[in-house]
>>> print(open('final27.cif').read())   # mmCIF, C-alpha atoms
data_my_file
#
loop_
_atom_site.label_atom_id
_atom_site.label_comp_id
_atom_site.auth_asym_id
_atom_site.auth_seq_id
_atom_site.Cartn_x
_atom_site.Cartn_y
_atom_site.Cartn_z
CA MET A 1 -11.99 36.84 55.65
CA ASP A 2 -9.93 37.96 52.64
CA ASP A 3 -8.48 35.72 49.93
CA ALA A 4 -5.12 35.63 51.64
CA THR A 5 -6.52 34.13 54.86
CA ARG A 6 -9.31 31.97 53.40
CA PRO A 7 -8.41 28.25 53.56
CA ARG A 8 -7.48 26.94 50.13
CA GLN A 9 -9.84 24.23 48.89
CA ARG A 10 -7.98 21.04 48.11
CA ALA A 11 -8.13 19.82 44.52
CA PRO A 12 -10.07 16.58 44.01
CA THR A 13 -7.94 13.45 43.81
CA LEU A 14 -8.37 9.84 42.74
CA LYS A 15 -9.31 9.12 46.35
CA THR A 16 -12.12 11.69 46.11
CA ILE A 17 -13.53 9.93 43.04
CA ALA A 18 -13.14 6.54 44.72
CA GLY A 19 -15.21 7.73 47.67
CA LEU A 20 -17.96 9.08 45.42
CA THR A 21 -18.15 5.94 43.25
CA ASP A 22 -17.53 3.25 45.91
CA LEU A 23 -14.63 1.95 43.85
CA ALA A 24 -11.05 1.23 44.82
CA VAL A 25 -8.47 3.90 43.97
CA PRO A 26 -6.59 1.56 41.57
CA THR A 27 -9.88 0.81 39.77
CA VAL A 28 -10.58 4.54 39.42
CA SER A 29 -7.08 5.11 38.08
CA ARG A 30 -7.41 2.32 35.53
CA ALA A 31 -10.88 3.49 34.50
CA LEU A 32 -9.59 6.99 33.84
CA SER A 33 -6.68 5.57 31.85
CA GLY A 34 -9.12 3.74 29.58
CA ALA A 35 -8.18 0.22 30.65
CA LEU A 36 -10.18 -2.23 28.54
CA ASP A 37 -10.55 -4.71 31.39
CA ILE A 38 -12.74 -2.12 33.14
CA SER A 39 -16.29 -2.17 31.78
CA GLU A 40 -17.39 0.67 29.53
CA ASP A 41 -20.17 1.59 31.96
CA THR A 42 -17.72 1.87 34.85
CA ARG A 43 -15.30 3.93 32.77
CA ALA A 44 -18.12 6.28 31.79
CA ARG A 45 -19.36 6.60 35.39
CA VAL A 46 -15.88 7.37 36.71
CA ARG A 47 -15.27 9.89 33.93
CA ALA A 48 -18.61 11.59 34.62
CA VAL A 49 -17.81 11.97 38.33
CA ALA A 50 -14.31 13.24 37.52
CA ASP A 51 -15.75 15.86 35.16
CA GLU A 52 -18.43 16.86 37.67
CA ILE A 53 -15.98 17.57 40.49
CA GLY A 54 -13.35 19.10 38.21
CA TYR A 55 -10.69 16.44 38.62
CA VAL A 56 -7.58 17.19 36.58
CA PRO A 57 -4.75 14.62 36.52
CA ASN A 58 -1.28 15.83 37.38
CA ARG A 59 0.37 15.56 33.97
CA ALA A 60 3.85 15.63 35.43
CA GLY A 61 2.93 12.82 37.79
CA VAL A 62 1.34 10.79 35.01
CA ARG A 63 4.43 11.16 32.86
CA LEU A 64 6.72 10.25 35.73
CA ARG A 65 4.62 7.22 36.60
CA THR A 66 3.82 5.90 33.12
CA GLY A 67 6.25 7.62 30.75
CA ARG A 68 3.27 8.98 28.78
CA THR A 69 2.09 12.49 27.99
CA ASN A 70 -1.49 11.37 27.25
CA VAL A 71 -1.28 13.57 24.17
CA ILE A 72 -2.03 12.65 20.54
CA SER A 73 -0.74 15.16 17.98
CA LEU A 74 -2.55 15.73 14.68
CA VAL A 75 0.06 17.12 12.28
CA MET A 76 -1.41 19.06 9.36
CA SER A 77 -0.37 21.59 6.76
CA THR A 78 -1.85 25.08 7.14
CA GLU A 79 -2.78 24.81 3.46
CA HIS A 80 -6.23 23.22 3.55
CA ASP A 81 -9.44 23.24 1.61
CA ILE A 82 -12.29 25.53 2.56
CA MET A 83 -15.03 22.92 2.35
CA ASN A 84 -14.77 21.48 5.83
CA HIS A 85 -12.57 18.44 5.09
CA THR A 86 -9.90 19.65 7.54
CA ALA A 87 -12.42 20.82 10.14
CA LYS A 88 -14.25 17.49 9.98
CA LEU A 89 -11.02 15.55 10.43
CA ILE A 90 -10.02 17.60 13.47
CA SER A 91 -13.50 17.30 14.95
CA SER A 92 -13.72 13.54 14.40
CA VAL A 93 -10.25 12.82 15.81
CA SER A 94 -11.24 14.86 18.87
CA ALA A 95 -14.45 12.87 19.19
CA GLY A 96 -12.46 9.64 18.95
CA LEU A 97 -10.40 10.73 21.97
CA ARG A 98 -13.45 11.71 23.99
CA ASN A 99 -13.84 9.85 27.27
CA THR A 100 -10.25 8.62 27.09
CA PRO A 101 -7.27 9.92 29.07
CA PHE A 102 -5.80 11.30 25.86
CA HIS A 103 -6.26 14.78 24.51
CA LEU A 104 -5.51 16.31 21.15
CA ILE A 105 -3.04 18.95 20.09
CA ILE A 106 -2.79 20.32 16.56
CA THR A 107 0.76 20.71 15.25
CA PRO A 108 0.69 22.82 12.06
CA TYR A 109 3.37 23.38 9.47
CA PHE A 110 3.46 25.78 6.54
CA PRO A 111 3.42 24.63 2.91
CA ASP A 112 6.94 26.00 2.36
CA GLU A 113 8.32 24.08 5.36
CA ASP A 114 9.78 20.59 5.48
CA PRO A 115 6.93 18.25 6.61
CA MET A 116 9.56 16.37 8.61
CA LYS A 117 10.08 19.36 10.91
CA PRO A 118 7.05 18.87 13.21
CA ILE A 119 7.50 15.08 13.23
CA ARG A 120 11.11 15.36 14.36
CA TYR A 121 10.15 17.88 17.04
CA ILE A 122 7.46 15.65 18.52
CA VAL A 123 9.68 12.56 18.55
CA GLU A 124 12.77 14.30 19.91
CA SER A 125 10.89 16.29 22.56
CA ARG A 126 8.52 13.42 23.40
CA SER A 127 5.74 16.03 23.49
CA ALA A 128 3.14 13.44 22.39
CA ASP A 129 2.62 9.72 22.70
CA ALA A 130 1.57 9.29 19.06
CA VAL A 131 1.04 11.30 15.89
CA ILE A 132 -1.60 11.29 13.15
CA PHE A 133 -0.90 12.90 9.77
CA ASN A 134 -2.12 12.95 6.16
CA GLN A 135 -1.01 13.83 2.61
CA ILE A 136 0.91 10.56 2.47
CA GLN A 137 3.50 9.88 -0.22
CA PRO A 138 4.35 6.35 -1.43
CA GLN A 139 7.81 6.50 0.15
CA ASP A 140 6.92 9.08 2.76
CA PRO A 141 10.01 10.07 4.77
CA ARG A 142 7.83 10.73 7.84
CA VAL A 143 6.57 7.15 7.79
CA ARG A 144 10.08 5.76 7.38
CA TYR A 145 11.42 7.98 10.18
CA LEU A 146 8.69 6.92 12.64
CA LEU A 147 8.97 3.23 11.74
CA ASP A 148 12.72 3.30 12.28
CA ARG A 149 12.24 4.88 15.70
CA LYS A 150 9.28 2.67 16.65
CA PHE A 151 7.21 5.77 17.50
CA PRO A 152 3.43 5.22 17.45
CA PHE A 153 1.55 6.83 14.56
CA ALA A 154 -1.41 6.46 12.22
CA THR A 155 -1.84 7.90 8.74
CA HIS A 156 -4.80 9.14 6.72
CA GLY A 157 -3.66 7.40 3.56
CA ARG A 158 -1.27 4.58 2.73
CA SER A 159 2.45 4.47 2.09
CA ASN A 160 4.46 1.72 0.40
CA TRP A 161 5.02 0.39 3.94
CA ALA A 162 1.29 0.20 4.71
CA LYS A 163 1.53 -3.33 6.12
CA ASP A 164 3.84 -1.98 8.84
CA HIS A 165 1.77 0.92 10.17
CA ALA A 166 -1.77 1.89 11.14
CA TRP A 167 -3.84 3.73 8.53
CA PHE A 168 -7.28 4.66 7.29
CA ASP A 169 -7.74 5.32 3.59
CA PHE A 170 -10.49 6.09 1.09
CA ASP A 171 -10.29 3.79 -1.93
CA ASN A 172 -9.39 6.37 -4.57
CA PHE A 173 -8.68 3.71 -7.21
CA ALA A 174 -12.28 2.53 -6.85
CA TYR A 175 -13.46 6.15 -6.89
CA GLY A 176 -11.69 6.71 -10.22
CA ARG A 177 -13.16 3.53 -11.66
CA ILE A 178 -16.68 4.46 -10.53
CA ALA A 179 -16.36 8.00 -11.87
CA VAL A 180 -15.37 6.86 -15.37
CA GLU A 181 -17.94 4.05 -15.44
CA THR A 182 -20.71 6.42 -14.36
CA LEU A 183 -19.85 9.09 -16.92
CA ALA A 184 -19.52 6.46 -19.66
CA ALA A 185 -22.96 5.10 -18.76
CA ARG A 186 -24.29 8.63 -19.26
CA GLY A 187 -22.83 8.73 -22.76
CA ARG A 188 -19.77 10.84 -21.95
CA ARG A 189 -16.75 9.94 -24.07
CA HIS A 190 -14.22 12.78 -23.58
CA LEU A 191 -13.24 13.31 -19.95
CA LEU A 192 -11.01 15.71 -18.05
CA LEU A 193 -9.46 14.57 -14.75
CA VAL A 194 -8.42 17.15 -12.15
CA PRO A 195 -6.60 14.75 -9.80
CA PRO A 196 -4.92 15.22 -6.43
CA PRO A 197 -1.16 15.93 -6.53
CA ASP A 198 0.50 12.97 -8.25
CA LYS A 199 3.30 12.85 -5.68
CA GLN A 200 0.77 11.75 -3.06
CA SER A 201 -0.43 8.17 -2.82
CA TYR A 202 -4.12 8.92 -3.19
CA GLY A 203 -3.44 11.04 -6.26
CA GLN A 204 -1.62 8.15 -7.91
CA GLU A 205 -4.46 5.77 -6.97
CA MET A 206 -7.13 8.04 -8.44
CA ILE A 207 -5.18 8.57 -11.66
CA ALA A 208 -4.66 4.81 -12.01
CA GLY A 209 -8.32 4.03 -11.37
CA CYS A 210 -9.50 6.56 -13.96
CA SER A 211 -6.85 5.64 -16.53
CA ASP A 212 -7.33 1.86 -16.32
CA THR A 213 -11.10 2.17 -16.62
CA ALA A 214 -10.93 4.67 -19.49
CA ARG A 215 -8.68 2.28 -21.46
CA ARG A 216 -11.00 -0.63 -20.77
CA LEU A 217 -14.08 1.30 -21.92
CA GLY A 218 -12.45 3.11 -24.83
CA ILE A 219 -12.96 6.53 -23.21
CA ASP A 220 -10.80 9.55 -24.05
CA LEU A 221 -9.27 10.74 -20.76
CA GLN A 222 -7.10 13.85 -20.40
CA ILE A 223 -5.27 14.35 -17.11
CA VAL A 224 -4.79 18.07 -16.60
CA VAL A 225 -1.30 19.52 -16.04
CA GLY A 226 -0.29 22.73 -14.34
CA PHE A 227 -2.92 22.48 -11.62
CA ASP A 228 -4.58 19.82 -9.47
CA SER A 229 -7.41 19.32 -7.00
CA ASP A 230 -5.39 21.03 -4.24
CA SER A 231 -4.91 24.18 -6.33
CA ALA A 232 -6.72 27.41 -5.48
CA ILE A 233 -10.26 27.59 -6.85
CA GLU A 234 -9.37 30.45 -9.18
CA ASP A 235 -6.45 28.44 -10.61
CA VAL A 236 -8.72 25.46 -11.30
CA GLN A 237 -11.29 27.76 -12.89
CA ARG A 238 -8.66 29.30 -15.14
CA GLY A 239 -7.14 25.93 -16.04
CA VAL A 240 -10.47 24.29 -16.87
CA SER A 241 -11.57 27.33 -18.89
CA ASP A 242 -8.45 26.99 -21.05
CA LEU A 243 -9.32 23.34 -21.80
CA LEU A 244 -12.99 23.77 -22.71
CA ASP A 245 -12.17 24.82 -26.29
CA ARG A 246 -10.04 21.79 -27.05
CA GLN A 247 -11.21 19.37 -29.73
CA PRO A 248 -12.92 17.10 -29.17
CA ALA A 249 -14.62 19.16 -26.47
CA PRO A 250 -14.77 17.55 -23.02
CA ASP A 251 -18.20 16.30 -22.00
CA GLY A 252 -17.26 15.12 -18.50
CA ILE A 253 -15.03 16.36 -15.67
CA ILE A 254 -13.78 14.31 -12.72
CA THR A 255 -12.26 16.15 -9.75
CA GLY A 256 -10.55 15.01 -6.57
CA SER A 257 -12.01 17.59 -4.18
CA THR A 258 -14.93 19.89 -3.52
CA ASN A 259 -12.75 22.95 -4.10
CA SER A 260 -11.69 21.80 -7.55
CA ALA A 261 -15.30 20.97 -8.42
CA LEU A 262 -16.23 24.53 -7.46
CA GLY A 263 -13.47 25.84 -9.72
CA ALA A 264 -14.59 23.64 -12.59
CA GLY A 265 -18.21 24.64 -12.06
CA ALA A 266 -17.29 28.32 -12.11
CA ALA A 267 -15.46 27.80 -15.43
CA LEU A 268 -18.52 26.10 -16.92
CA ARG A 269 -20.89 28.79 -15.68
CA THR A 270 -18.67 31.53 -17.11
CA GLY A 271 -18.59 29.70 -20.43
CA GLY A 272 -22.36 29.30 -20.51
CA ILE A 273 -22.10 25.50 -20.28
CA ALA A 274 -24.85 23.70 -18.36
CA ILE A 275 -23.85 21.03 -15.84
CA GLY A 276 -25.81 17.84 -16.42
CA ARG A 277 -26.86 18.81 -19.91
CA ASP A 278 -23.76 19.89 -21.84
CA ILE A 279 -21.23 18.34 -19.48
CA ASP A 280 -21.23 16.20 -16.34
CA VAL A 281 -19.10 16.86 -13.27
CA PHE A 282 -18.23 13.96 -10.94
CA THR A 283 -16.55 14.66 -7.60
CA LYS A 284 -16.36 13.65 -3.93
CA GLU A 285 -17.05 15.67 -0.81
CA ALA A 286 -16.88 15.31 2.95
CA MET A 287 -20.23 17.02 3.55
CA VAL A 288 -23.44 17.43 1.57
CA PHE A 289 -22.93 20.76 -0.14
CA LEU A 290 -22.46 20.66 -3.88
CA ARG A 291 -25.68 18.78 -4.64
CA ARG A 292 -27.56 21.52 -2.76
CA VAL A 293 -25.96 24.18 -4.95
CA TRP A 294 -25.94 22.19 -8.21
CA PRO A 295 -28.45 19.33 -8.07
CA GLU A 296 -27.09 18.15 -11.41
CA ILE A 297 -23.59 17.43 -10.09
CA LEU A 298 -22.59 13.81 -9.38
CA THR A 299 -21.00 13.31 -5.97
CA VAL A 300 -19.61 10.50 -3.83
CA SER A 301 -19.41 10.98 -0.07
CA GLU A 302 -16.04 10.49 1.66
CA ASN A 303 -16.62 9.65 5.31
CA VAL A 304 -14.04 11.84 7.04
CA VAL A 305 -15.86 11.46 10.36
CA ALA A 306 -15.26 7.70 10.31
CA ALA A 307 -11.65 8.33 9.28
CA GLY A 308 -10.91 10.62 12.22
CA ASP A 309 -12.54 8.35 14.78
CA PHE A 310 -10.68 5.32 13.43
CA LEU A 311 -7.32 7.10 13.39
CA ALA A 312 -7.78 8.29 16.98
CA ARG A 313 -8.49 4.75 18.16
CA ALA A 314 -5.62 3.36 16.07
CA ALA A 315 -3.16 5.79 17.64
CA ILE A 316 -4.38 5.04 21.17
CA ALA A 317 -4.16 1.29 20.53
CA GLN A 318 -0.49 1.54 19.63
CA VAL A 319 0.28 3.46 22.81
CA THR A 320 -1.73 1.29 25.18
CA HIS A 321 -1.47 -2.12 23.45
CA PRO A 322 1.67 -1.97 21.29
CA LYS A 323 1.82 -5.75 20.74
CA GLU A 324 -1.67 -6.04 19.25
CA ASP A 325 -2.35 -6.04 15.51
CA LEU A 326 -2.19 -2.67 13.77
CA MET A 327 -5.55 -1.09 12.92
CA GLN A 328 -5.97 -0.63 9.15
CA LYS A 329 -9.07 0.12 7.09
CA LEU A 330 -9.82 0.82 3.42
CA ASP A 331 -13.11 2.70 3.04
CA ALA A 332 -14.83 1.87 -0.26
CA PRO A 333 -17.09 4.31 -2.15
CA THR A 334 -20.72 3.23 -2.03
CA TRP A 335 -21.89 4.82 -5.30
CA GLN A 336 -24.23 2.82 -7.48
CA LEU A 337 -25.05 3.73 -11.07
CA ASP A 338 -28.64 4.34 -10.04
CA ASP A 339 -27.68 6.61 -7.10
CA GLU A 340 -28.22 9.71 -9.21
CA ALA A 341 -31.85 8.80 -9.62
CA SER A 342 -32.36 9.03 -5.86
#
>>> encode(input="final27.cif", output="structure tokens")
Amino acid sequence: MDDATRPRQRAPTLKTIAGLTDLAVPTVSRALSGALDISEDTRARVRAVADEIGYVPNRAGVRLRTGRTNVISLVMSTEHDIMNHTAKLISSVSAGLRNTPFHLIITPYFPDEDPMKPIRYIVESRSADAVIFNQIQPQDPRVRYLLDRKFPFATHGRSNWAKDHAWFDFDNFAYGRIAVETLAARGRRHLLLVPPPDKQSYGQEMIAGCSDTARRLGIDLQIVVGFDSDSAIEDVQRGVSDLLDRQPAPDGIITGSTNSALGAGAALRTGGIAIGRDIDVFTKEAMVFLRRVWPEILTVSENVVAAGDFLARAAIAQVTHPKEDLMQKLDAPTWQLDDEAS
């Protein structure tokens, strides 16, 4: 019998899963849709059977029946750091959607494009049920646009309208305070800050945290101009190199990213300056890397895995339970002044 005459095997349906699990078809449907009134064990069992038999929901039917796409879009600039921050965020958002009816699509935009472009496309085409995005500005036009249209979204960072939308944020004000306090405790009095872009909310928070603490402790703090923690490594290296000969000479550097710490470290190495002896470098990273390369560097961990998982659940909650309270979380740095000893 050739392929043309062989009977076509019917695709598995909700009824197939119901027969294999001894559950009613409506229960199977609700379990696959992630209904919270179905126990987690039952949802997992139904999902496992569906995966085993290769059940694939009819997306057109789902959209016709529920009005949903079962898609969450992560909107990100193609300009990203090389030290796994972006990869970890994508991976953790994906993990947060695992075993739910939702799946992830990545919607990129180029640095020279209007960040509103992908947001408008998703809303106007209804190609996703919710969006997640980062690089938040205080009066971010994307946030305002989505709020005005009541379209579900969650942000990695806070806008001036934070009380009105879901978000997860790292406390960059506290990070700046801790960085200055730690360097001051080590006897450093003349600090350079390589902050995130000051047009973004977390950049403003970090600058404020460093500046307020430096004033309180009587520390000399110089905020670099012409480059920032999002700049290319070679640009940070060049910029820091130009500042090392200033008087009084800097004895501490604070950076807002792993990339900028690498650039600063390269400048110090080229200048024959020893990290930890001649100058301290304080930074944050999403994975344990820098301390393995430079044990003398001072680092705080930013939990991007927790951020992605939280944002995924926050986006789903708005789609499935729009009347419930918005999910919001500020993640505080856990650094202690004696952490370096461990």
>>> atom_distance(input="final27.cif", atom1="atom CA of A:Pro196", atom2="atom CA of A:Ser260")
9.5 Å
>>> closest_residue(input="final27.cif", among="A:Leu74, A:Ile275, A:Ala162, A:Ile233", to="A:Arg144", atoms="only C-alpha atoms")
A:Ala162
>>> closest_residue(input="final27.cif", among="A:Leu191, A:Pro26, A:Arg277, A:Gly203", to="A:Ile253", atoms="all atoms listed in the file")
A:Leu191
>>> closest_residue(input="final27.cif", among="A:Ala249, A:Leu14, A:Ala174, A:Val224", to="A:Cys210", atoms="only C-alpha atoms")
A:Ala174
>>> atom_distance(input="final27.cif", atom1="atom CA of A:Phe102", atom2="atom CA of A:Ala317")
11.5 Å
>>> residues_around(input="final27.cif", residues="A:Leu89", least_positions_apart="6", cutoff="7 Å", atoms="all atoms listed in the file", output="VMD selection string")
chain A and resid 304 to 305 308
>>> closest_residue(input="final27.cif", among="A:Thr78, A:Phe133, A:Asp235, A:Asp140", to="A:Phe168", atoms="all atoms listed in the file")
A:Phe133
>>> residues_around(input="final27.cif", residues="A:Arg189", least_positions_apart="4", cutoff="9 Å", atoms="only C-alpha atoms", output="PyMOL selection string")
chain A and resi 183-184+218-221+250-252
>>> closest_residue(input="final27.cif", among="A:Asp198, A:Asp169, A:Asp114, A:Asp242", to="A:Met327", atoms="only C-alpha atoms")
A:Asp169
